[in-house]
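Chemist: Provided herewith: work-v5.cif, mmCIF, N, CA and C atoms.
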data_entry
loop_
_atom_site.label_atom_id
_atom_site.label_comp_id
_atom_site.auth_asym_id
_atom_site.auth_seq_id
_atom_site.Cartn_x
_atom_site.Cartn_y
_atom_site.Cartn_z
N MET A 485 57.20 -22.59 -33.12
CA MET A 485 56.64 -22.43 -31.79
C MET A 485 56.65 -23.78 -31.08
N ASN A 486 57.08 -23.73 -29.83
CA ASN A 486 57.06 -24.98 -29.08
C ASN A 486 55.80 -25.05 -28.23
N ASP A 487 55.60 -26.20 -27.57
CA ASP A 487 54.39 -26.43 -26.78
C ASP A 487 54.23 -25.43 -25.66
N CYS A 488 55.35 -25.01 -25.07
CA CYS A 488 55.31 -24.05 -23.95
C CYS A 488 54.78 -22.70 -24.41
N SER A 489 55.26 -22.22 -25.53
CA SER A 489 54.81 -20.91 -26.00
C SER A 489 53.37 -20.96 -26.47
N ILE A 490 52.93 -22.08 -27.03
CA ILE A 490 51.52 -22.22 -27.43
C ILE A 490 50.63 -22.20 -26.19
N THR A 491 51.03 -22.91 -25.15
CA THR A 491 50.27 -22.93 -23.90
C THR A 491 50.18 -21.54 -23.29
N ARG A 492 51.31 -20.80 -23.29
CA ARG A 492 51.29 -19.42 -22.76
C ARG A 492 50.37 -18.54 -23.58
N SER A 493 50.38 -18.69 -24.88
CA SER A 493 49.51 -17.89 -25.75
C SER A 493 48.04 -18.19 -25.48
N ILE A 494 47.72 -19.46 -25.28
CA ILE A 494 46.34 -19.85 -24.99
C ILE A 494 45.90 -19.26 -23.66
N HIS A 495 46.77 -19.34 -22.65
CA HIS A 495 46.45 -18.77 -21.33
C HIS A 495 46.29 -17.25 -21.41
N ALA A 496 47.14 -16.58 -22.17
CA ALA A 496 47.03 -15.13 -22.32
C ALA A 496 45.73 -14.76 -23.02
N TYR A 497 45.40 -15.51 -24.07
CA TYR A 497 44.15 -15.27 -24.80
C TYR A 497 42.94 -15.48 -23.88
N ALA A 498 42.96 -16.54 -23.09
CA ALA A 498 41.86 -16.83 -22.16
C ALA A 498 41.75 -15.73 -21.11
N ALA A 499 42.87 -15.25 -20.60
CA ALA A 499 42.86 -14.19 -19.58
C ALA A 499 42.26 -12.90 -20.15
N ILE A 500 42.62 -12.60 -21.39
CA ILE A 500 42.06 -11.39 -22.03
C ILE A 500 40.56 -11.54 -22.20
N ARG A 501 40.10 -12.71 -22.61
CA ARG A 501 38.65 -12.93 -22.78
C ARG A 501 37.92 -12.80 -21.46
N VAL A 502 38.47 -13.34 -20.38
CA VAL A 502 37.84 -13.24 -19.06
C VAL A 502 37.78 -11.77 -18.64
N TYR A 503 38.88 -11.04 -18.85
CA TYR A 503 38.92 -9.62 -18.50
C TYR A 503 37.85 -8.84 -19.27
N LEU A 504 37.76 -9.08 -20.57
CA LEU A 504 36.77 -8.36 -21.39
C LEU A 504 35.35 -8.74 -21.00
N ALA A 505 35.11 -10.01 -20.68
CA ALA A 505 33.77 -10.43 -20.26
C ALA A 505 33.38 -9.75 -18.95
N ARG A 506 34.30 -9.68 -18.01
CA ARG A 506 34.01 -9.00 -16.74
C ARG A 506 33.74 -7.51 -16.95
N ALA A 507 34.55 -6.87 -17.78
CA ALA A 507 34.36 -5.45 -18.06
C ALA A 507 33.01 -5.20 -18.71
N PHE A 508 32.63 -6.05 -19.65
CA PHE A 508 31.33 -5.91 -20.30
C PHE A 508 30.20 -6.07 -19.29
N ASN A 509 30.29 -7.09 -18.43
CA ASN A 509 29.24 -7.31 -17.42
C ASN A 509 29.12 -6.13 -16.48
N GLU A 510 30.25 -5.58 -16.04
CA GLU A 510 30.19 -4.41 -15.16
C GLU A 510 29.52 -3.23 -15.86
N TRP A 511 29.84 -3.04 -17.14
CA TRP A 511 29.24 -1.94 -17.89
C TRP A 511 27.75 -2.20 -18.12
N TYR A 512 27.41 -3.41 -18.53
CA TYR A 512 26.03 -3.73 -18.90
C TYR A 512 25.11 -3.77 -17.68
N LEU A 513 25.59 -4.25 -16.57
CA LEU A 513 24.74 -4.43 -15.40
C LEU A 513 24.71 -3.22 -14.47
N ARG A 514 25.50 -2.20 -14.77
CA ARG A 514 25.50 -1.03 -13.90
C ARG A 514 24.18 -0.30 -14.00
N PRO A 515 23.73 0.30 -12.89
CA PRO A 515 22.48 1.06 -12.98
C PRO A 515 22.67 2.29 -13.87
N SER A 516 21.66 2.62 -14.63
CA SER A 516 21.75 3.80 -15.48
C SER A 516 21.67 5.06 -14.62
N THR A 517 22.13 6.14 -15.17
CA THR A 517 22.06 7.42 -14.47
C THR A 517 20.60 7.76 -14.16
N ARG A 518 19.72 7.45 -15.10
CA ARG A 518 18.30 7.71 -14.92
C ARG A 518 17.75 6.92 -13.73
N GLU A 519 18.11 5.64 -13.65
CA GLU A 519 17.68 4.81 -12.52
C GLU A 519 18.26 5.34 -11.21
N GLN A 520 19.51 5.72 -11.22
CA GLN A 520 20.15 6.25 -10.01
C GLN A 520 19.45 7.52 -9.53
N ARG A 521 19.13 8.41 -10.46
CA ARG A 521 18.43 9.65 -10.08
C ARG A 521 17.06 9.35 -9.52
N GLY A 522 16.34 8.38 -10.13
CA GLY A 522 15.02 8.00 -9.64
C GLY A 522 15.07 7.46 -8.22
N LEU A 523 16.05 6.59 -7.95
CA LEU A 523 16.19 6.04 -6.60
C LEU A 523 16.62 7.09 -5.60
N LYS A 524 17.46 8.03 -6.04
CA LYS A 524 17.88 9.11 -5.14
C LYS A 524 16.67 9.96 -4.74
N LEU A 525 15.84 10.32 -5.71
CA LEU A 525 14.65 11.11 -5.41
C LEU A 525 13.71 10.34 -4.49
N LEU A 526 13.48 9.07 -4.78
CA LEU A 526 12.62 8.25 -3.92
C LEU A 526 13.14 8.26 -2.49
N ARG A 527 14.42 8.03 -2.33
CA ARG A 527 15.01 7.97 -0.98
C ARG A 527 14.82 9.29 -0.22
N GLU A 528 14.84 10.41 -0.94
CA GLU A 528 14.63 11.71 -0.29
C GLU A 528 13.20 11.86 0.23
N TRP A 529 12.24 11.16 -0.39
CA TRP A 529 10.84 11.27 0.00
C TRP A 529 10.42 10.24 1.04
N LEU A 530 11.22 9.21 1.27
CA LEU A 530 10.86 8.18 2.23
C LEU A 530 11.09 8.65 3.66
N SER A 531 10.22 8.22 4.56
CA SER A 531 10.44 8.49 5.99
C SER A 531 11.63 7.65 6.45
N GLN A 532 12.13 7.91 7.65
CA GLN A 532 13.24 7.13 8.17
C GLN A 532 12.89 5.64 8.24
N GLU A 533 11.67 5.36 8.69
CA GLU A 533 11.22 3.96 8.79
C GLU A 533 11.14 3.31 7.41
N GLN A 534 10.56 4.03 6.45
CA GLN A 534 10.45 3.50 5.09
C GLN A 534 11.83 3.28 4.47
N LEU A 535 12.73 4.21 4.70
CA LEU A 535 14.08 4.09 4.16
C LEU A 535 14.79 2.87 4.74
N ALA A 536 14.63 2.64 6.04
CA ALA A 536 15.23 1.46 6.67
C ALA A 536 14.64 0.18 6.08
N GLN A 537 13.32 0.16 5.86
CA GLN A 537 12.68 -1.01 5.24
C GLN A 537 13.24 -1.23 3.83
N PHE A 538 13.32 -0.16 3.07
CA PHE A 538 13.78 -0.26 1.69
C PHE A 538 15.22 -0.75 1.61
N ASP A 539 16.07 -0.22 2.47
CA ASP A 539 17.48 -0.64 2.47
C ASP A 539 17.63 -2.11 2.87
N ALA A 540 16.82 -2.54 3.82
CA ALA A 540 16.93 -3.92 4.31
C ALA A 540 16.24 -4.94 3.41
N ASN A 541 15.11 -4.56 2.80
CA ASN A 541 14.26 -5.55 2.13
C ASN A 541 13.90 -5.26 0.68
N HIS A 542 14.30 -4.10 0.16
CA HIS A 542 13.93 -3.67 -1.20
C HIS A 542 12.43 -3.44 -1.33
N TYR A 543 11.78 -3.09 -0.24
CA TYR A 543 10.39 -2.64 -0.26
C TYR A 543 10.19 -1.68 0.91
N PHE A 544 9.09 -0.93 0.85
CA PHE A 544 8.69 -0.09 1.98
C PHE A 544 7.18 -0.12 2.06
N GLU A 545 6.65 0.25 3.21
CA GLU A 545 5.21 0.20 3.42
C GLU A 545 4.64 1.60 3.57
N VAL A 546 3.42 1.75 3.06
CA VAL A 546 2.69 3.02 3.17
C VAL A 546 1.31 2.72 3.72
N ILE A 547 0.68 3.74 4.27
CA ILE A 547 -0.69 3.64 4.80
C ILE A 547 -1.60 4.42 3.87
N GLY A 548 -2.65 3.76 3.38
CA GLY A 548 -3.62 4.43 2.51
C GLY A 548 -4.34 5.53 3.26
N CYS A 549 -4.54 6.67 2.61
CA CYS A 549 -5.12 7.85 3.26
C CYS A 549 -6.61 7.70 3.56
N HIS A 550 -7.33 6.90 2.80
CA HIS A 550 -8.77 6.78 3.01
C HIS A 550 -9.16 5.62 3.92
N THR A 551 -8.52 4.49 3.76
CA THR A 551 -8.93 3.29 4.51
C THR A 551 -8.02 2.96 5.67
N GLY A 552 -6.82 3.51 5.66
CA GLY A 552 -5.84 3.16 6.69
C GLY A 552 -5.20 1.80 6.44
N LYS A 553 -5.46 1.20 5.27
CA LYS A 553 -4.85 -0.09 4.95
C LYS A 553 -3.36 0.10 4.70
N ARG A 554 -2.63 -0.98 4.96
CA ARG A 554 -1.18 -0.97 4.76
C ARG A 554 -0.86 -1.62 3.42
N TYR A 555 0.02 -0.98 2.65
CA TYR A 555 0.47 -1.47 1.36
C TYR A 555 1.99 -1.59 1.38
N ARG A 556 2.49 -2.63 0.75
CA ARG A 556 3.94 -2.83 0.62
C ARG A 556 4.29 -2.59 -0.83
N ILE A 557 5.21 -1.65 -1.06
CA ILE A 557 5.65 -1.32 -2.41
C ILE A 557 7.06 -1.90 -2.59
N PHE A 558 7.16 -2.86 -3.50
CA PHE A 558 8.44 -3.50 -3.80
C PHE A 558 9.16 -2.73 -4.89
N HIS A 559 10.48 -2.87 -4.93
CA HIS A 559 11.26 -2.25 -6.00
C HIS A 559 10.78 -2.81 -7.34
N GLY A 560 10.40 -1.93 -8.25
CA GLY A 560 9.95 -2.38 -9.57
C GLY A 560 9.13 -1.34 -10.29
N ASN A 561 8.72 -1.70 -11.50
CA ASN A 561 7.95 -0.81 -12.36
C ASN A 561 6.49 -1.18 -12.49
N GLY A 562 6.05 -2.28 -11.95
CA GLY A 562 4.66 -2.70 -12.06
C GLY A 562 4.44 -4.01 -11.33
N THR A 563 3.19 -4.32 -11.06
CA THR A 563 2.80 -5.48 -10.24
C THR A 563 3.70 -5.59 -9.02
N ASN A 564 3.93 -4.46 -8.37
CA ASN A 564 4.89 -4.40 -7.26
C ASN A 564 4.26 -3.90 -5.96
N ILE A 565 2.92 -3.87 -5.89
CA ILE A 565 2.26 -3.40 -4.67
C ILE A 565 1.38 -4.52 -4.14
N VAL A 566 1.50 -4.79 -2.84
CA VAL A 566 0.59 -5.75 -2.22
C VAL A 566 -0.07 -5.09 -1.01
N GLU A 567 -1.35 -5.36 -0.90
CA GLU A 567 -2.13 -4.92 0.26
C GLU A 567 -1.90 -5.96 1.36
N LEU A 568 -1.72 -5.50 2.59
CA LEU A 568 -1.42 -6.40 3.70
C LEU A 568 -2.57 -6.46 4.69
N ASP A 569 -2.76 -7.62 5.31
CA ASP A 569 -3.77 -7.72 6.37
C ASP A 569 -3.15 -7.27 7.70
N ASP A 570 -3.90 -7.44 8.79
CA ASP A 570 -3.42 -6.99 10.10
C ASP A 570 -2.20 -7.75 10.60
N HIS A 571 -1.92 -8.91 9.99
CA HIS A 571 -0.77 -9.72 10.37
C HIS A 571 0.35 -9.60 9.34
N THR A 572 0.30 -8.56 8.51
CA THR A 572 1.24 -8.25 7.42
C THR A 572 1.36 -9.37 6.39
N ARG A 573 0.28 -10.12 6.19
CA ARG A 573 0.23 -11.12 5.13
C ARG A 573 -0.38 -10.48 3.89
N PRO A 574 0.17 -10.77 2.71
CA PRO A 574 -0.38 -10.21 1.47
C PRO A 574 -1.79 -10.72 1.22
N THR A 575 -2.71 -9.81 0.88
CA THR A 575 -4.08 -10.21 0.57
C THR A 575 -4.43 -9.95 -0.89
N THR A 576 -4.03 -8.81 -1.41
CA THR A 576 -4.36 -8.41 -2.78
C THR A 576 -3.16 -7.72 -3.39
N GLY A 577 -2.90 -8.02 -4.66
CA GLY A 577 -1.86 -7.31 -5.39
C GLY A 577 -2.48 -6.20 -6.21
N TRP A 578 -1.75 -5.10 -6.35
CA TRP A 578 -2.22 -3.96 -7.13
C TRP A 578 -1.14 -3.54 -8.11
N CYS A 579 -1.57 -3.18 -9.29
CA CYS A 579 -0.65 -2.71 -10.32
C CYS A 579 -1.20 -1.41 -10.90
N PHE A 580 -0.49 -0.33 -10.64
CA PHE A 580 -0.80 0.91 -11.34
C PHE A 580 0.51 1.66 -11.55
N VAL A 581 0.64 2.18 -12.74
CA VAL A 581 1.88 2.86 -13.13
C VAL A 581 1.52 4.12 -13.92
N PRO A 582 2.43 5.07 -13.97
CA PRO A 582 2.19 6.26 -14.79
C PRO A 582 2.06 5.88 -16.27
N GLY A 583 1.51 6.76 -17.06
CA GLY A 583 1.27 6.50 -18.47
C GLY A 583 2.51 6.40 -19.32
N GLU A 584 3.62 6.89 -18.85
CA GLU A 584 4.85 6.83 -19.65
C GLU A 584 5.90 6.01 -18.92
N HIS A 585 6.91 5.58 -19.65
CA HIS A 585 7.96 4.76 -19.05
C HIS A 585 8.84 5.64 -18.15
N LEU A 586 8.94 5.23 -16.90
CA LEU A 586 9.79 5.94 -15.94
C LEU A 586 10.72 4.95 -15.26
N ALA A 587 11.76 5.48 -14.65
CA ALA A 587 12.67 4.65 -13.87
C ALA A 587 11.91 4.07 -12.67
N ALA A 588 12.37 2.94 -12.16
CA ALA A 588 11.68 2.26 -11.06
C ALA A 588 11.51 3.17 -9.85
N GLY A 589 12.52 3.93 -9.49
CA GLY A 589 12.41 4.83 -8.34
C GLY A 589 11.31 5.86 -8.52
N ASP A 590 11.19 6.39 -9.73
CA ASP A 590 10.14 7.36 -10.02
C ASP A 590 8.75 6.72 -9.94
N VAL A 591 8.62 5.49 -10.46
CA VAL A 591 7.34 4.79 -10.40
C VAL A 591 6.94 4.54 -8.95
N MET A 592 7.88 4.07 -8.14
CA MET A 592 7.58 3.78 -6.73
C MET A 592 7.20 5.05 -5.98
N LEU A 593 7.83 6.17 -6.32
CA LEU A 593 7.49 7.44 -5.68
C LEU A 593 6.07 7.86 -6.05
N VAL A 594 5.71 7.73 -7.32
CA VAL A 594 4.34 8.03 -7.76
C VAL A 594 3.34 7.16 -7.00
N GLN A 595 3.65 5.87 -6.87
CA GLN A 595 2.76 4.96 -6.17
C GLN A 595 2.61 5.34 -4.70
N LYS A 596 3.71 5.68 -4.06
CA LYS A 596 3.70 6.09 -2.64
C LYS A 596 2.80 7.32 -2.47
N ILE A 597 3.04 8.34 -3.27
CA ILE A 597 2.28 9.58 -3.14
C ILE A 597 0.80 9.33 -3.44
N ALA A 598 0.51 8.52 -4.46
CA ALA A 598 -0.88 8.24 -4.82
C ALA A 598 -1.62 7.55 -3.68
N LEU A 599 -1.02 6.54 -3.08
CA LEU A 599 -1.69 5.81 -2.00
C LEU A 599 -1.82 6.66 -0.74
N GLU A 600 -0.87 7.52 -0.49
CA GLU A 600 -0.90 8.36 0.71
C GLU A 600 -1.79 9.59 0.57
N THR A 601 -2.11 9.98 -0.67
CA THR A 601 -2.90 11.20 -0.85
C THR A 601 -4.22 10.99 -1.59
N ASP A 602 -4.33 9.92 -2.39
CA ASP A 602 -5.56 9.65 -3.14
C ASP A 602 -5.72 8.14 -3.34
N GLU A 603 -5.80 7.43 -2.24
CA GLU A 603 -5.86 5.97 -2.28
C GLU A 603 -6.99 5.47 -3.17
N ARG A 604 -8.18 6.00 -2.98
CA ARG A 604 -9.34 5.53 -3.77
C ARG A 604 -9.13 5.77 -5.26
N GLY A 605 -8.67 6.94 -5.61
CA GLY A 605 -8.44 7.26 -7.02
C GLY A 605 -7.39 6.36 -7.64
N ALA A 606 -6.34 6.09 -6.89
CA ALA A 606 -5.27 5.22 -7.40
C ALA A 606 -5.79 3.80 -7.63
N LEU A 607 -6.55 3.28 -6.65
CA LEU A 607 -7.02 1.90 -6.76
C LEU A 607 -8.12 1.74 -7.81
N GLU A 608 -8.87 2.82 -8.09
CA GLU A 608 -9.87 2.76 -9.16
C GLU A 608 -9.21 2.51 -10.51
N LYS A 609 -8.01 3.03 -10.69
CA LYS A 609 -7.29 2.88 -11.95
C LYS A 609 -6.41 1.62 -11.98
N ALA A 610 -6.20 1.02 -10.83
CA ALA A 610 -5.26 -0.10 -10.71
C ALA A 610 -5.85 -1.42 -11.18
N ASN A 611 -4.97 -2.30 -11.58
CA ASN A 611 -5.34 -3.69 -11.88
C ASN A 611 -5.04 -4.54 -10.67
N ARG A 612 -5.95 -5.45 -10.37
CA ARG A 612 -5.79 -6.38 -9.25
C ARG A 612 -5.09 -7.65 -9.72
N PHE A 613 -4.31 -8.24 -8.84
CA PHE A 613 -3.74 -9.56 -9.10
C PHE A 613 -3.61 -10.31 -7.78
N THR A 614 -3.44 -11.60 -7.88
CA THR A 614 -3.26 -12.44 -6.70
C THR A 614 -1.79 -12.48 -6.35
N PRO A 615 -1.41 -12.01 -5.17
CA PRO A 615 0.01 -12.02 -4.81
C PRO A 615 0.52 -13.43 -4.56
N ARG A 616 1.80 -13.61 -4.73
CA ARG A 616 2.40 -14.93 -4.49
C ARG A 616 2.53 -15.22 -3.03
#
Go ahead and express the file in the form of structure tokens.
Modeler:
Amino acid sequence: MNDCSITRSIHAYAAIRVYLARAFNEWYLRPSTREQRGLKLLREWLSQEQLAQFDANHYFEVIGCHTGKRYRIFHGNGTNIVELDDHTRPTTGWCFVPGEHLAAGDVMLVQKIALETDERGALEKANRFTPR
């Protein structure tokens, strides 16, 4: 083997490794079917305004049914709700999730429905945290 063929072999080997690494990343980082279904269901339940917020910012806002307070629900499975003041500044963080592991879209839908229909009950079970 001469130097040229060794160099070509090294380049071919490197190209194959790059291709396989990219393929693995695409497979590993793709959303699961379960996550996709959860987000699809969530999107069906969001109002037009909430859907626009979610698409633009990865969060949407809801109004609590008892107090009229505004809450921002971020994409996630927990510690993803912040209570907002009249100037939309975060005041209190809330964490409440269903008892079993669910996809993020399903968790956010549960949180939306809970705050819009039983705000007091949801917050009684929630953990408080200081938002960033």
Chemist: Where does the PyMOL selection byres ((chain A and resi 522-531) around 7) land in this file, that is, which residues does it pick, as number ranges by chain?
Modeler: A: 517-521, 532-536, 587-593
Chemist: Can you work out which one of A:Glu603, A:Lys596, A:Arg573, A:Lys609 has the shortest atom-to-atom distance to A:Glu545, counting only C-alpha atoms?
Modeler: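 For A:Glu545, the nearest of the given residues is A:Lys596.
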Chemist: Go through chain A and collect every residue that DSSP, computed from the backbone, puts in strand (DSSP E); the answer should be as number ranges by chain.
Modeler: A: 543-547, 554-558, 565-568, 574-579, 611-613
Chemist: Filtering to N, CA and C atoms, could you give me those residues as a PDB file, in the coordinates of the input?
Modeler:
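See result.pdb below for the written result:
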ATOM      1  N   TYR A 543      11.780  -3.090  -0.240  1.00  0.00           N
ATOM      2  CA  TYR A 543      10.390  -2.640  -0.260  1.00  0.00           C
ATOM      3  C   TYR A 543      10.190  -1.680   0.910  1.00  0.00           C
ATOM      4  N   PHE A 544       9.090  -0.930   0.850  1.00  0.00           N
ATOM      5  CA  PHE A 544       8.690  -0.090   1.980  1.00  0.00           C
ATOM      6  C   PHE A 544       7.180  -0.120   2.060  1.00  0.00           C
ATOM      7  N   GLU A 545       6.650   0.250   3.210  1.00  0.00           N
ATOM      8  CA  GLU A 545       5.210   0.200   3.420  1.00  0.00           C
ATOM      9  C   GLU A 545       4.640   1.600   3.570  1.00  0.00           C
ATOM     10  N   VAL A 546       3.420   1.750   3.060  1.00  0.00           N
ATOM     11  CA  VAL A 546       2.690   3.020   3.170  1.00  0.00           C
ATOM     12  C   VAL A 546       1.310   2.720   3.720  1.00  0.00           C
ATOM     13  N   ILE A 547       0.680   3.740   4.270  1.00  0.00           N
ATOM     14  CA  ILE A 547      -0.690   3.640   4.800  1.00  0.00           C
ATOM     15  C   ILE A 547      -1.600   4.420   3.870  1.00  0.00           C
ATOM     16  N   ARG A 554      -2.630  -0.980   4.960  1.00  0.00           N
ATOM     17  CA  ARG A 554      -1.180  -0.970   4.760  1.00  0.00           C
ATOM     18  C   ARG A 554      -0.860  -1.620   3.420  1.00  0.00           C
ATOM     19  N   TYR A 555       0.020  -0.980   2.650  1.00  0.00           N
ATOM     20  CA  TYR A 555       0.470  -1.470   1.360  1.00  0.00           C
ATOM     21  C   TYR A 555       1.990  -1.590   1.380  1.00  0.00           C
ATOM     22  N   ARG A 556       2.490  -2.630   0.750  1.00  0.00           N
ATOM     23  CA  ARG A 556       3.940  -2.830   0.620  1.00  0.00           C
ATOM     24  C   ARG A 556       4.290  -2.590  -0.830  1.00  0.00           C
ATOM     25  N   ILE A 557       5.210  -1.650  -1.060  1.00  0.00           N
ATOM     26  CA  ILE A 557       5.650  -1.320  -2.410  1.00  0.00           C
ATOM     27  C   ILE A 557       7.060  -1.900  -2.590  1.00  0.00           C
ATOM     28  N   PHE A 558       7.160  -2.860  -3.500  1.00  0.00           N
ATOM     29  CA  PHE A 558       8.440  -3.500  -3.800  1.00  0.00           C
ATOM     30  C   PHE A 558       9.160  -2.730  -4.890  1.00  0.00           C
ATOM     31  N   ILE A 565       2.920  -3.870  -5.890  1.00  0.00           N
ATOM     32  CA  ILE A 565       2.260  -3.400  -4.670  1.00  0.00           C
ATOM     33  C   ILE A 565       1.380  -4.520  -4.140  1.00  0.00           C
ATOM     34  N   VAL A 566       1.500  -4.790  -2.840  1.00  0.00           N
ATOM     35  CA  VAL A 566       0.590  -5.750  -2.220  1.00  0.00           C
ATOM     36  C   VAL A 566      -0.070  -5.090  -1.010  1.00  0.00           C
ATOM     37  N   GLU A 567      -1.350  -5.360  -0.900  1.00  0.00           N
ATOM     38  CA  GLU A 567      -2.130  -4.920   0.260  1.00  0.00           C
ATOM     39  C   GLU A 567      -1.900  -5.960   1.360  1.00  0.00           C
ATOM     40  N   LEU A 568      -1.720  -5.500   2.590  1.00  0.00           N
ATOM     41  CA  LEU A 568      -1.420  -6.400   3.700  1.00  0.00           C
ATOM     42  C   LEU A 568      -2.570  -6.460   4.690  1.00  0.00           C
ATOM     43  N   PRO A 574       0.170 -10.770   2.710  1.00  0.00           N
ATOM     44  CA  PRO A 574      -0.380 -10.210   1.470  1.00  0.00           C
ATOM     45  C   PRO A 574      -1.790 -10.720   1.220  1.00  0.00           C
ATOM     46  N   THR A 575      -2.710  -9.810   0.880  1.00  0.00           N
ATOM     47  CA  THR A 575      -4.080 -10.210   0.570  1.00  0.00           C
ATOM     48  C   THR A 575      -4.430  -9.950  -0.890  1.00  0.00           C
ATOM     49  N   THR A 576      -4.030  -8.810  -1.410  1.00  0.00           N
ATOM     50  CA  THR A 576      -4.360  -8.410  -2.780  1.00  0.00           C
ATOM     51  C   THR A 576      -3.160  -7.720  -3.390  1.00  0.00           C
ATOM     52  N   GLY A 577      -2.900  -8.020  -4.660  1.00  0.00           N
ATOM     53  CA  GLY A 577      -1.860  -7.310  -5.390  1.00  0.00           C
ATOM     54  C   GLY A 577      -2.480  -6.200  -6.210  1.00  0.00           C
ATOM     55  N   TRP A 578      -1.750  -5.100  -6.350  1.00  0.00           N
ATOM     56  CA  TRP A 578      -2.220  -3.960  -7.130  1.00  0.00           C
ATOM     57  C   TRP A 578      -1.140  -3.540  -8.110  1.00  0.00           C
ATOM     58  N   CYS A 579      -1.570  -3.180  -9.290  1.00  0.00           N
ATOM     59  CA  CYS A 579      -0.650  -2.710 -10.320  1.00  0.00           C
ATOM     60  C   CYS A 579      -1.200  -1.410 -10.900  1.00  0.00           C
ATOM     61  N   ASN A 611      -4.970  -2.300 -11.580  1.00  0.00           N
ATOM     62  CA  ASN A 611      -5.340  -3.690 -11.880  1.00  0.00           C
ATOM     63  C   ASN A 611      -5.040  -4.540 -10.670  1.00  0.00           C
ATOM     64  N   ARG A 612      -5.950  -5.450 -10.370  1.00  0.00           N
ATOM     65  CA  ARG A 612      -5.790  -6.380  -9.250  1.00  0.00           C
ATOM     66  C   ARG A 612      -5.090  -7.650  -9.720  1.00  0.00           C
ATOM     67  N   PHE A 613      -4.310  -8.240  -8.840  1.00  0.00           N
ATOM     68  CA  PHE A 613      -3.740  -9.560  -9.100  1.00  0.00           C
ATOM     69  C   PHE A 613      -3.610 -10.310  -7.780  1.00  0.00           C
TER      70      PHE A 613
END
Chemist: Given the choices A:Ile494, A:Leu586, A:Leu568, A:Ala505, which gets closest to A:Tyr555 if the distance is worked out from all atoms listed in the file?
Modeler: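 Closest candidate: A:Leu568.
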Chemist: I'd like the interatomic distance between atom CA of A:Phe544 and atom CA of A:Glu510, to a tenth of an Å.
Modeler: 27.8 Å
Chemist: Taking the backbone alone, and naming residues the way the document does, which bits of stretch 493-596 of chain A are helix (DSSP H, G or I) by DSSP, as a ChimeraX atom specification?
Modeler: /A:493-513,517-529,532-541,588-596
Chemist: Enter the distance from atom N of A:Arg612 to atom C of A:His585, in Å, rounded to one decimal.
Modeler: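 Atom-to-atom, atom N of A:Arg612 to atom C of A:His585, that is 20.1 Å.
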Chemist: So which residues get picked by the PyMOL selection byres ((chain A and resi 562) around 8) here, written as an MDAnalysis selection string?
Modeler: chainID A and resid 558:561 563:565 578:581 588 591:592
Chemist: Find the residue from A:Ala610, A:Thr575, A:Leu599, A:Arg556 that sits nearest to A:Phe538; use only C-alpha atoms when measuring.
Modeler: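 Closest candidate: A:Arg556.
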Chemist: Can you measure atom N of A:Ala598 to atom C of A:Phe613 for me? One decimal in Å is fine.
Modeler: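 Here the two named atoms are 19.6 Å from each other.
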Chemist: Find the residue from A:Asp570, A:Gly577, A:Ala496, A:Leu504 that sits nearest to A:Asn611; use all atoms listed in the file when measuring.
Modeler: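 Answer, going by the shortest atom-to-atom distance: A:Gly577.
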